[in-house]
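Student: For reference, this is data-v6.pdb, and it has PDB, C-alpha atoms.
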```pdb
MODEL        1
ATOM      1  CA  MET K   3      10.953  -9.031   1.607  1.00  0.00           C
ATOM      2  CA  PHE K   4       9.102  -5.932   0.422  1.00  0.00           C
ATOM      3  CA  ARG K   5       9.305  -2.640   2.270  1.00  0.00           C
ATOM      4  CA  ILE K   6       5.509  -2.348   2.164  1.00  0.00           C
ATOM      5  CA  LYS K   7       3.202  -5.048   3.503  1.00  0.00           C
ATOM      6  CA  LYS K   8      -0.525  -5.694   3.678  1.00  0.00           C
ATOM      7  CA  LYS K   9      -2.423  -3.458   6.187  1.00  0.00           C
ATOM      8  CA  ASP K  10       0.305  -0.761   6.085  1.00  0.00           C
ATOM      9  CA  THR K  11      -0.739   2.861   5.675  1.00  0.00           C
ATOM     10  CA  VAL K  12       0.894   4.405   2.634  1.00  0.00           C
ATOM     11  CA  LYS K  13       1.030   7.735   0.802  1.00  0.00           C
ATOM     12  CA  VAL K  14       0.943   8.042  -3.002  1.00  0.00           C
ATOM     13  CA  LYS K  15       3.986   9.921  -4.363  1.00  0.00           C
ATOM     14  CA  LYS K  16       3.076  10.184  -8.078  1.00  0.00           C
ATOM     15  CA  GLY K  17       0.126  10.059 -10.424  1.00  0.00           C
ATOM     16  CA  LYS K  18      -3.420  11.373 -10.421  1.00  0.00           C
ATOM     17  CA  ASP K  19      -3.887  10.507  -6.723  1.00  0.00           C
ATOM     18  CA  LYS K  20      -0.671  12.178  -5.539  1.00  0.00           C
ATOM     19  CA  GLY K  21      -0.784  12.993  -1.817  1.00  0.00           C
ATOM     20  CA  LYS K  22      -3.649  10.615  -0.957  1.00  0.00           C
ATOM     21  CA  GLN K  23      -3.286   8.112   1.865  1.00  0.00           C
ATOM     22  CA  GLY K  24      -4.801   4.680   2.268  1.00  0.00           C
ATOM     23  CA  GLU K  25      -4.351   1.178   3.608  1.00  0.00           C
ATOM     24  CA  VAL K  26      -2.787  -1.572   1.507  1.00  0.00           C
ATOM     25  CA  VAL K  27      -5.447  -4.197   0.767  1.00  0.00           C
ATOM     26  CA  LYS K  28      -3.538  -6.588  -1.491  1.00  0.00           C
ATOM     27  CA  ILE K  29      -0.019  -6.949  -2.885  1.00  0.00           C
ATOM     28  CA  TYR K  30       0.878  -8.428  -6.282  1.00  0.00           C
ATOM     29  CA  GLU K  31       4.482  -9.584  -5.872  1.00  0.00           C
ATOM     30  CA  ASP K  32       4.964 -10.617  -9.506  1.00  0.00           C
ATOM     31  CA  ARG K  33       3.841  -7.200 -10.831  1.00  0.00           C
ATOM     32  CA  GLU K  34       5.412  -5.224  -7.948  1.00  0.00           C
ATOM     33  CA  SER K  35       2.154  -3.372  -7.346  1.00  0.00           C
ATOM     34  CA  ALA K  36      -0.432  -3.029  -4.616  1.00  0.00           C
ATOM     35  CA  ILE K  37      -4.107  -2.194  -4.230  1.00  0.00           C
ATOM     36  CA  VAL K  38      -4.656   0.711  -1.840  1.00  0.00           C
ATOM     37  CA  SER K  39      -8.101   1.468  -0.404  1.00  0.00           C
ATOM     38  CA  LYS K  40      -9.819   4.535  -1.911  1.00  0.00           C
ATOM     39  CA  VAL K  41      -6.875   5.261  -4.248  1.00  0.00           C
ATOM     40  CA  ASN K  42      -6.683   4.909  -8.065  1.00  0.00           C
ATOM     41  CA  LEU K  43     -10.423   4.316  -8.501  1.00  0.00           C
ATOM     42  CA  VAL K  44     -11.541   3.149 -11.960  1.00  0.00           C
ATOM     43  CA  LYS K  45     -15.003   2.444 -13.375  1.00  0.00           C
ATOM     44  CA  ARG K  46     -15.805  -0.955 -14.836  1.00  0.00           C
ATOM     45  CA  HIS K  47     -18.917  -2.153 -16.652  1.00  0.00           C
ATOM     46  CA  THR K  48     -20.123  -5.406 -15.088  1.00  0.00           C
ATOM     47  CA  ARG K  49     -22.686  -7.892 -16.286  1.00  0.00           C
ATOM     48  CA  PRO K  50     -25.562  -8.681 -13.896  1.00  0.00           C
ATOM     49  CA  THR K  51     -25.228 -11.915 -11.912  1.00  0.00           C
ATOM     50  CA  GLN K  52     -27.279 -13.575  -9.173  1.00  0.00           C
ATOM     51  CA  GLN K  53     -25.260 -11.750  -6.489  1.00  0.00           C
ATOM     52  CA  SER K  54     -24.954  -8.277  -8.085  1.00  0.00           C
ATOM     53  CA  PRO K  55     -27.237  -6.176 -10.269  1.00  0.00           C
ATOM     54  CA  GLY K  56     -24.419  -5.135 -12.628  1.00  0.00           C
ATOM     55  CA  GLY K  57     -23.885  -1.719 -14.226  1.00  0.00           C
ATOM     56  CA  LEU K  58     -21.015   0.696 -13.558  1.00  0.00           C
ATOM     57  CA  VAL K  59     -18.874  -0.417 -10.631  1.00  0.00           C
ATOM     58  CA  GLU K  60     -16.105   1.733  -9.148  1.00  0.00           C
ATOM     59  CA  LYS K  61     -13.151  -0.217  -7.778  1.00  0.00           C
ATOM     60  CA  GLU K  62      -9.473   0.191  -6.949  1.00  0.00           C
ATOM     61  CA  ALA K  63      -6.790  -0.543  -9.528  1.00  0.00           C
ATOM     62  CA  PRO K  64      -3.214  -1.550  -8.642  1.00  0.00           C
ATOM     63  CA  VAL K  65      -0.558   1.112  -7.984  1.00  0.00           C
ATOM     64  CA  LYS K  66       3.158   0.499  -8.579  1.00  0.00           C
ATOM     65  CA  MET K  67       5.116  -0.029  -5.347  1.00  0.00           C
ATOM     66  CA  SER K  68       7.690   2.552  -6.455  1.00  0.00           C
ATOM     67  CA  ASN K  69       4.949   5.211  -6.296  1.00  0.00           C
ATOM     68  CA  LEU K  70       4.042   4.417  -2.682  1.00  0.00           C
ATOM     69  CA  GLN K  71       5.737   5.562   0.512  1.00  0.00           C
ATOM     70  CA  LEU K  72       5.186   3.960   3.907  1.00  0.00           C
ATOM     71  CA  ILE K  73       3.758   6.084   6.732  1.00  0.00           C
ATOM     72  CA  CYS K  74       5.412   5.257  10.062  1.00  0.00           C
ATOM     73  CA  PRO K  75       2.830   4.249  12.699  1.00  0.00           C
ATOM     74  CA  LYS K  76       4.940   5.829  15.484  1.00  0.00           C
ATOM     75  CA  CYS K  77       5.804   9.276  14.049  1.00  0.00           C
ATOM     76  CA  SER K  78       2.922   9.434  11.473  1.00  0.00           C
ATOM     77  CA  GLN K  79       5.207  10.760   8.720  1.00  0.00           C
ATOM     78  CA  PRO K  80       6.027   9.334   5.289  1.00  0.00           C
ATOM     79  CA  THR K  81       9.393   7.650   5.591  1.00  0.00           C
ATOM     80  CA  ARG K  82      11.868   5.387   3.897  1.00  0.00           C
ATOM     81  CA  VAL K  83      12.442   1.934   5.322  1.00  0.00           C
ATOM     82  CA  LYS K  84      15.681   0.238   6.273  1.00  0.00           C
ATOM     83  CA  PHE K  85      16.191  -3.354   7.366  1.00  0.00           C
ATOM     84  CA  ASP K  86      17.918  -4.419  10.567  1.00  0.00           C
ATOM     85  CA  PHE K  87      18.531  -7.768  12.205  1.00  0.00           C
ATOM     86  CA  LEU K  88      17.589  -8.549  15.815  1.00  0.00           C
ATOM     87  CA  GLU K  89      19.812 -10.566  18.185  1.00  0.00           C
ATOM     88  CA  ASP K  90      18.001 -13.786  17.227  1.00  0.00           C
ATOM     89  CA  GLY K  91      18.643 -13.124  13.513  1.00  0.00           C
ATOM     90  CA  GLU K  92      15.127 -11.963  12.612  1.00  0.00           C
ATOM     91  CA  LYS K  93      14.940  -9.339   9.847  1.00  0.00           C
ATOM     92  CA  VAL K  94      12.777  -6.297  10.768  1.00  0.00           C
ATOM     93  CA  ARG K  95      11.767  -3.017   9.132  1.00  0.00           C
ATOM     94  CA  VAL K  96      12.925   0.226  10.775  1.00  0.00           C
ATOM     95  CA  CYS K  97      11.755   3.831  10.202  1.00  0.00           C
ATOM     96  CA  LYS K  98      14.552   6.066   8.859  1.00  0.00           C
ATOM     97  CA  LYS K  99      13.155   9.194  10.575  1.00  0.00           C
ATOM     98  CA  CYS K 100      12.436   8.083  14.147  1.00  0.00           C
ATOM     99  CA  GLY K 101      14.420   4.826  14.269  1.00  0.00           C
ATOM    100  CA  GLU K 102      11.481   2.795  15.627  1.00  0.00           C
ATOM    101  CA  MET K 103      10.794  -0.775  14.540  1.00  0.00           C
ATOM    102  CA  ILE K 104       7.786  -1.130  12.213  1.00  0.00           C
ATOM    103  CA  VAL K 105       5.654  -4.140  13.053  1.00  0.00           C
TER     104      VAL K 105
ENDMDL
END
```
Go ahead and express the file in the form of structure tokens.

Tutor:
Amino acid sequence: MFRIKKKDTVKVKKGKDKGKQGEVVKIYEDRESAIVSKVNLVKRHTRPTQQSPGGLVEKEAPVKMSNLQLICPKCSQPTRVKFDFLEDGEKVRVCKKCGEMIV
């Protein structure tokens, strides 16, 4: 279980986009990286197809998970994540700063 999941809001800790925030769009488990909206934008040359005209396209590139920090939805601060178990044995993520469960 990763500490960061899809649709989480995260903050970039290192790199050219340090300090930017965005929502996680996709996670690559095998590469331990994630695509974050409006972060780590790169330009790619694309060939024209029937759906798109082609040319220079700007899109997001993956960011390593170690360079991302989760933003708690309750206290709105970047925080570390710890794991706890509920009474029924379910594993949940918990904010280290405010102690609230992250859904």

Student: Please identify all polymer residues within 7 Å of Lys66 of chain K, counting all atoms listed in the file, omitting same-chain residues fewer than 5 positions from it, and present them as a PyMOL selection string.

Tutor: chain K and resi 34-36

Student: Write out as a list in words the residues lying within 7 Å of segment 79-95 of chain K, counting all atoms listed in the file and excluding same-chain residues fewer than 4 positions away.

Tutor: Arg5, Lys13, Gln71, Leu72, Ile73, Cys74, Lys99, Met103 and Ile104 of chain K

Student: Could you save those same residues with C-alpha atoms as a PDB file, in the coordinates of the input?

Tutor:
```pdb
ATOM      1  CA  ARG K   5       9.305  -2.640   2.270  1.00  0.00           C
ATOM      2  CA  LYS K  13       1.030   7.735   0.802  1.00  0.00           C
ATOM      3  CA  GLN K  71       5.737   5.562   0.512  1.00  0.00           C
ATOM      4  CA  LEU K  72       5.186   3.960   3.907  1.00  0.00           C
ATOM      5  CA  ILE K  73       3.758   6.084   6.732  1.00  0.00           C
ATOM      6  CA  CYS K  74       5.412   5.257  10.062  1.00  0.00           C
ATOM      7  CA  LYS K  99      13.155   9.194  10.575  1.00  0.00           C
ATOM      8  CA  MET K 103      10.794  -0.775  14.540  1.00  0.00           C
ATOM      9  CA  ILE K 104       7.786  -1.130  12.213  1.00  0.00           C
TER      10      ILE K 104
END
```

Student: May I have a table of the residues of segment 41-97 of chain K lying at most 9 Å from segment 22-32 of chain K, giving each one's closest pair of atoms and their distance in Å to one decimal, counting only C-alpha atoms, ordered by chain and ascending residue number, as a tab-separated table?

Tutor:
```
residue	atom	partner	partner_atom	distance
K:Val41	CA	K:Gly24	CA	6.9
K:Pro64	CA	K:Tyr30	CA	8.3
K:Met67	CA	K:Ile29	CA	9.0
K:Ile73	CA	K:Gln23	CA	8.8
```

Student: Identify all residues satisfying the PyMOL selection byres ((chain K and resi 44) around 10) in the given file; provide them as a PyMOL selection string.

Tutor: chain K and resi 41-43+45-46+58-63

Student: With only C-alpha atoms as the atoms that count, which of K:Gly56, K:Ser68, K:Glu102, K:Ser39 lies nearest to Asp10 of chain K?

Tutor: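 The shortest atom-to-atom distance to Asp10 of chain K comes from K:Ser39.
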
Student: Tell me, in Å to one decimal, how far atom CA of Pro75 of chain K is from atom CA of Thr11 of chain K.

Tutor: 8.0 Å

Student: What is the distance between atom CA of Cys97 of chain K and atom CA of Asn69 of chain K, in Å to one decimal?

Tutor: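 Atom CA of Asn69 of chain K lies 17.9 Å from atom CA of Cys97 of chain K.
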
Student: Expressed in Å to a single decimal, how great is the separation between atom CA of Ser78 of chain K and atom CA of Lys15 of chain K?

Tutor: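 If I compute the distance from atom CA of Ser78 of chain K to atom CA of Lys15 of chain K, I get 15.9 Å.
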
Student: Enclose the full set of atoms of segment 69-86 of chain K listed in the file within a box whose edges lie along x, y and z, apply 5 Å of padding to each of the six sides, and report centre and edge lengths in Å to one decimal as lines of an AutoDock Vina configuration file.

Tutor:
```
center_x = 10.4
center_y = 3.2
center_z = 4.6
size_x = 25.1
size_y = 25.2
size_z = 31.8
```
